[in-house]
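S.K.: This is the structure I want to talk about, given as structure tokens.
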Amino acid sequence: MKLSGLSIGFAVTGSFCTFDKIKPQIKSLVENGAKVTPIYSYNTQNLDTRFGNAEDFMSEIKEITGSSGIRTIQEAEPVGPKKMFDAMIIAPCTGNTMAKLVNGITDTPVLMAAKSHMRNLRPLIIAVSTNDALGINFQNVGKLMIIKNIYFVPFGQDNYKLKPNSMVADLSLIEDTIEAALEGKQMQPLLSYHEV
């Protein structure tokens, strides 16, 4: 496995309905030999929702990765200077996080880690999950797509009848996307329709 022995930063933002779907992806990365460090947005750390309890979620991820993760901006700042990650992924990546990322805003641990990581010209992978990807956030998807060293997990409309602006990454392609990004390639095809 190409990811064996590599260090991966796995950042989680508040698309809470996606949390159960990323757990097996994190587990697979660990089982395939990657060292995975979770990075949590403040909303991920603090908001209990109908999809689960924040502390329970982070405990499960710690059980899988063996790491409590990065939870503060101060802990995230050394990501770049210490060259902590070979690659970093934001999964799920909300529209709010994309909007801030494209505008250089670093007011959460995830955004600070991403900024710090990118100074090393190493891949940052985005797994989009937002109800307005084809709405007001469409411009941010486009802007991020042309930034060097940013790659996207292939994504598509998840419910075009009821949520025509919504797009979600195919999370089963996380590992393949990371492997391609480490070779400087965007995984293709990038866009597809899939039911979530």
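Following the order of the structure tokens, first chain is A, next is B, and so on, with residues numbered from 1 inside each chain and ligands from 1 in the order they appear.
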Using DSSP secondary structure from the backbone, list all strand (DSSP E) positions within region 38-176 of chain A, as JSON, numbers by chain.

M.R.: {"A": [38, 39, 40, 87, 88, 89, 90, 91, 92, 93, 124, 125, 126, 127, 128, 129, 130, 150, 151, 152, 155, 156, 157, 167, 168, 169]}

S.K.: Produce a file of the selected residues containing N, CA and C atoms, as a PDB file, in the first residue's frame.

M.R.:
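Output (result_19.pdb):
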```pdb
ATOM      1  N   PRO A  38      -5.994  13.130  13.794  1.00  0.00           N
ATOM      2  CA  PRO A  38      -7.223  13.901  13.600  1.00  0.00           C
ATOM      3  C   PRO A  38      -7.022  15.377  13.944  1.00  0.00           C
ATOM      4  N   ILE A  39      -7.764  16.225  13.242  1.00  0.00           N
ATOM      5  CA  ILE A  39      -7.769  17.664  13.496  1.00  0.00           C
ATOM      6  C   ILE A  39      -9.246  18.073  13.524  1.00  0.00           C
ATOM      7  N   TYR A  40      -9.668  18.728  14.575  1.00  0.00           N
ATOM      8  CA  TYR A  40     -11.096  19.007  14.750  1.00  0.00           C
ATOM      9  C   TYR A  40     -11.393  20.503  14.704  1.00  0.00           C
ATOM     10  N   ALA A  87       0.508  14.403   3.733  1.00  0.00           N
ATOM     11  CA  ALA A  87      -0.703  14.906   3.079  1.00  0.00           C
ATOM     12  C   ALA A  87      -1.712  15.217   4.170  1.00  0.00           C
ATOM     13  N   MET A  88      -2.609  16.141   3.849  1.00  0.00           N
ATOM     14  CA  MET A  88      -3.678  16.487   4.784  1.00  0.00           C
ATOM     15  C   MET A  88      -4.988  16.477   4.026  1.00  0.00           C
ATOM     16  N   ILE A  89      -6.030  15.953   4.667  1.00  0.00           N
ATOM     17  CA  ILE A  89      -7.355  15.932   4.062  1.00  0.00           C
ATOM     18  C   ILE A  89      -8.360  16.604   4.993  1.00  0.00           C
ATOM     19  N   ILE A  90      -9.291  17.332   4.421  1.00  0.00           N
ATOM     20  CA  ILE A  90     -10.425  17.872   5.183  1.00  0.00           C
ATOM     21  C   ILE A  90     -11.653  17.098   4.727  1.00  0.00           C
ATOM     22  N   ALA A  91     -12.167  16.246   5.626  1.00  0.00           N
ATOM     23  CA  ALA A  91     -13.289  15.370   5.262  1.00  0.00           C
ATOM     24  C   ALA A  91     -14.157  15.123   6.490  1.00  0.00           C
ATOM     25  N   PRO A  92     -15.374  15.612   6.495  1.00  0.00           N
ATOM     26  CA  PRO A  92     -16.004  16.408   5.450  1.00  0.00           C
ATOM     27  C   PRO A  92     -15.526  17.857   5.497  1.00  0.00           C
ATOM     28  N   CYS A  93     -15.583  18.517   4.340  1.00  0.00           N
ATOM     29  CA  CYS A  93     -15.251  19.926   4.253  1.00  0.00           C
ATOM     30  C   CYS A  93     -16.526  20.703   3.952  1.00  0.00           C
ATOM     31  N   LEU A 124      -3.067  19.124  -0.101  1.00  0.00           N
ATOM     32  CA  LEU A 124      -4.238  19.300   0.745  1.00  0.00           C
ATOM     33  C   LEU A 124      -5.423  18.782  -0.047  1.00  0.00           C
ATOM     34  N   ILE A 125      -6.138  17.811   0.522  1.00  0.00           N
ATOM     35  CA  ILE A 125      -7.247  17.164  -0.174  1.00  0.00           C
ATOM     36  C   ILE A 125      -8.559  17.614   0.456  1.00  0.00           C
ATOM     37  N   ILE A 126      -9.523  17.951  -0.391  1.00  0.00           N
ATOM     38  CA  ILE A 126     -10.826  18.426   0.061  1.00  0.00           C
ATOM     39  C   ILE A 126     -11.885  17.382  -0.269  1.00  0.00           C
ATOM     40  N   ALA A 127     -12.673  16.985   0.732  1.00  0.00           N
ATOM     41  CA  ALA A 127     -13.837  16.109   0.515  1.00  0.00           C
ATOM     42  C   ALA A 127     -15.077  16.932   0.822  1.00  0.00           C
ATOM     43  N   VAL A 128     -15.606  17.571  -0.221  1.00  0.00           N
ATOM     44  CA  VAL A 128     -16.682  18.526  -0.059  1.00  0.00           C
ATOM     45  C   VAL A 128     -17.960  17.863   0.457  1.00  0.00           C
ATOM     46  N   SER A 129     -18.672  18.584   1.324  1.00  0.00           N
ATOM     47  CA  SER A 129     -19.978  18.146   1.810  1.00  0.00           C
ATOM     48  C   SER A 129     -20.759  19.397   2.198  1.00  0.00           C
ATOM     49  N   THR A 130     -21.550  19.890   1.241  1.00  0.00           N
ATOM     50  CA  THR A 130     -22.279  21.126   1.496  1.00  0.00           C
ATOM     51  C   THR A 130     -23.553  21.199   0.665  1.00  0.00           C
ATOM     52  N   ILE A 150      -3.869  21.745  -4.097  1.00  0.00           N
ATOM     53  CA  ILE A 150      -5.174  21.388  -3.550  1.00  0.00           C
ATOM     54  C   ILE A 150      -5.844  20.422  -4.514  1.00  0.00           C
ATOM     55  N   TYR A 151      -6.360  19.331  -3.962  1.00  0.00           N
ATOM     56  CA  TYR A 151      -6.994  18.273  -4.748  1.00  0.00           C
ATOM     57  C   TYR A 151      -8.355  17.975  -4.135  1.00  0.00           C
ATOM     58  N   PHE A 152      -9.260  17.460  -4.947  1.00  0.00           N
ATOM     59  CA  PHE A 152     -10.603  17.141  -4.476  1.00  0.00           C
ATOM     60  C   PHE A 152     -10.869  15.644  -4.563  1.00  0.00           C
ATOM     61  N   PHE A 155     -16.610  14.177  -6.421  1.00  0.00           N
ATOM     62  CA  PHE A 155     -17.876  14.510  -5.772  1.00  0.00           C
ATOM     63  C   PHE A 155     -18.986  14.674  -6.795  1.00  0.00           C
ATOM     64  N   GLY A 156     -20.209  14.694  -6.293  1.00  0.00           N
ATOM     65  CA  GLY A 156     -21.349  14.872  -7.171  1.00  0.00           C
ATOM     66  C   GLY A 156     -22.588  15.244  -6.389  1.00  0.00           C
ATOM     67  N   GLN A 157     -23.658  15.494  -7.133  1.00  0.00           N
ATOM     68  CA  GLN A 157     -24.935  15.794  -6.499  1.00  0.00           C
ATOM     69  C   GLN A 157     -25.446  14.547  -5.794  1.00  0.00           C
ATOM     70  N   MET A 167     -23.814  19.028  -2.934  1.00  0.00           N
ATOM     71  CA  MET A 167     -22.812  18.104  -3.474  1.00  0.00           C
ATOM     72  C   MET A 167     -22.045  17.470  -2.316  1.00  0.00           C
ATOM     73  N   VAL A 168     -21.700  16.196  -2.511  1.00  0.00           N
ATOM     74  CA  VAL A 168     -20.999  15.436  -1.481  1.00  0.00           C
ATOM     75  C   VAL A 168     -19.915  14.594  -2.146  1.00  0.00           C
ATOM     76  N   ALA A 169     -18.763  14.517  -1.491  1.00  0.00           N
ATOM     77  CA  ALA A 169     -17.669  13.689  -1.992  1.00  0.00           C
ATOM     78  C   ALA A 169     -18.005  12.213  -1.853  1.00  0.00           C
TER      79      ALA A 169
END
```

S.K.: From the list A:Phe19, A:Leu29, A:His117, A:Gln74, which residue is nearest Asn53 (chain A) when using only C-alpha atoms?

M.R.: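 Comparing A:Phe19, A:Leu29, A:His117, A:Gln74 against Asn53 (chain A), the winner is A:Phe19.
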
S.K.: Hey, what's within 10 Å of Lys27 (chain A) if we count only C-alpha atoms and toss same-chain stuff fewer than 5 positions away? As a VMD selection string, please?

M.R.: chain A and resid 22 32 34 36 61 63 to 65

S.K.: Can I get the selected residues back with N, CA and C atoms, as a short mmCIF file (atom, residue, chain, number, x, y, z; two decimals), in the first residue's frame?

M.R.:
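So the final result, stored in again_32.cif, reads:
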```
data_model
loop_
_atom_site.label_atom_id
_atom_site.label_comp_id
_atom_site.auth_asym_id
_atom_site.auth_seq_id
_atom_site.Cartn_x
_atom_site.Cartn_y
_atom_site.Cartn_z
N ILE A 22 -17.15 8.73 7.64
CA ILE A 22 -15.69 8.89 7.58
C ILE A 22 -14.95 7.93 8.51
N ASN A 32 -3.98 0.33 6.72
CA ASN A 32 -3.04 0.27 5.60
C ASN A 32 -1.71 0.93 5.90
N ALA A 34 -0.89 3.93 7.51
CA ALA A 34 -0.68 5.37 7.66
C ALA A 34 -0.80 5.77 9.13
N VAL A 36 -2.32 8.43 11.28
CA VAL A 36 -3.39 9.42 11.09
C VAL A 36 -3.54 10.27 12.34
N ILE A 61 -12.77 8.18 17.32
CA ILE A 61 -11.66 8.46 16.42
C ILE A 61 -10.32 8.23 17.13
N GLU A 63 -9.83 6.07 19.45
CA GLU A 63 -9.69 4.61 19.53
C GLU A 63 -9.12 4.05 18.23
N ILE A 64 -9.54 4.61 17.11
CA ILE A 64 -9.08 4.14 15.80
C ILE A 64 -7.64 4.58 15.52
N THR A 65 -7.33 5.85 15.84
CA THR A 65 -6.03 6.42 15.44
C THR A 65 -4.97 6.37 16.54
#
```

S.K.: Find the residues near Tyr42 (chain A): any atom within 12 Å, counting only C-alpha atoms, skip ones fewer than 3 places away on the same chain, and give them as a count of residues only.

M.R.: 21

S.K.: Just asking: which residues within region 6-100 of chain A are alpha helix (DSSP H) according to DSSP, as a VMD selection string?

M.R.: chain A and resid 19 to 31 42 to 46 54 to 65 73 to 76 95 to 100

S.K.: Looking at only C-alpha atoms, which of A:Gly33, A:Gly9, A:Gly184, A:Gly95 is the one that sits closest to Asp132 (chain A)?

M.R.: A:Gly95

S.K.: For CA of Tyr160 (chain A) and CA of Asp176 (chain A), determine how far apart the two atoms are, in Å to one decimal place.

M.R.: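 Value for the CA of Tyr160 (chain A)-CA of Asp176 (chain A) distance: 25.7 Å.
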
S.K.: Using only C-alpha atoms, which of the listed residues (A:Ile26, A:Leu101, A:Leu134, A:Leu6) sits closest to Leu171 (chain A)?

M.R.: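 Once distances to Leu171 (chain A) are computed over only C-alpha atoms, the minimum belongs to A:Ile26.
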
S.K.: When you count only C-alpha atoms, which of these residues is closest to Phe16 (chain A): A:Arg50, A:Lys62, A:Lys148, A:Lys163?

M.R.: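 Distance minimum relative to Phe16 (chain A) lands on A:Arg50.
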
S.K.: Using only C-alpha atoms, which of A:Lys143, A:Glu75, A:Lys115, A:Asn137 sits nearest Val102 (chain A)?

M.R.: A:Lys143

S.K.: Do a neighbour search on Ala181 (chain A) at 8 Å with only C-alpha atoms, toss out local chain neighbours closer than 2 positions, and write the hits as an mmCIF file with C-alpha atoms, in the first residue's frame.

M.R.:
```cif
data_model
loop_
_atom_site.group_PDB
_atom_site.id
_atom_site.type_symbol
_atom_site.label_atom_id
_atom_site.label_comp_id
_atom_site.auth_asym_id
_atom_site.auth_seq_id
_atom_site.Cartn_x
_atom_site.Cartn_y
_atom_site.Cartn_z
ATOM 1 C CA PRO A 123 -1.078 18.076 -0.936
ATOM 2 C CA ILE A 125 -7.247 17.164 -0.174
ATOM 3 C CA ASN A 149 -1.444 21.487 -4.316
ATOM 4 C CA TYR A 151 -6.994 18.273 -4.748
ATOM 5 C CA THR A 177 -7.423 10.474 -4.033
ATOM 6 C CA ILE A 178 -4.655 10.838 -1.437
ATOM 7 C CA GLU A 179 -2.433 8.453 -3.395
ATOM 8 C CA GLU A 183 1.879 11.980 -7.149
ATOM 9 C CA GLY A 184 0.680 15.460 -8.064
ATOM 10 C CA LYS A 185 -2.439 14.233 -9.854
ATOM 11 C CA GLN A 186 -6.133 15.011 -9.476
ATOM 12 C CA MET A 187 -8.116 11.783 -9.356
#
```

S.K.: Would you work out the distance separating CA of Lys35 (chain A) from CA of Ile8 (chain A), expressed in Å to one decimal?

M.R.: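 If I compute the distance from CA of Lys35 (chain A) to CA of Ile8 (chain A), I get 6.0 Å.
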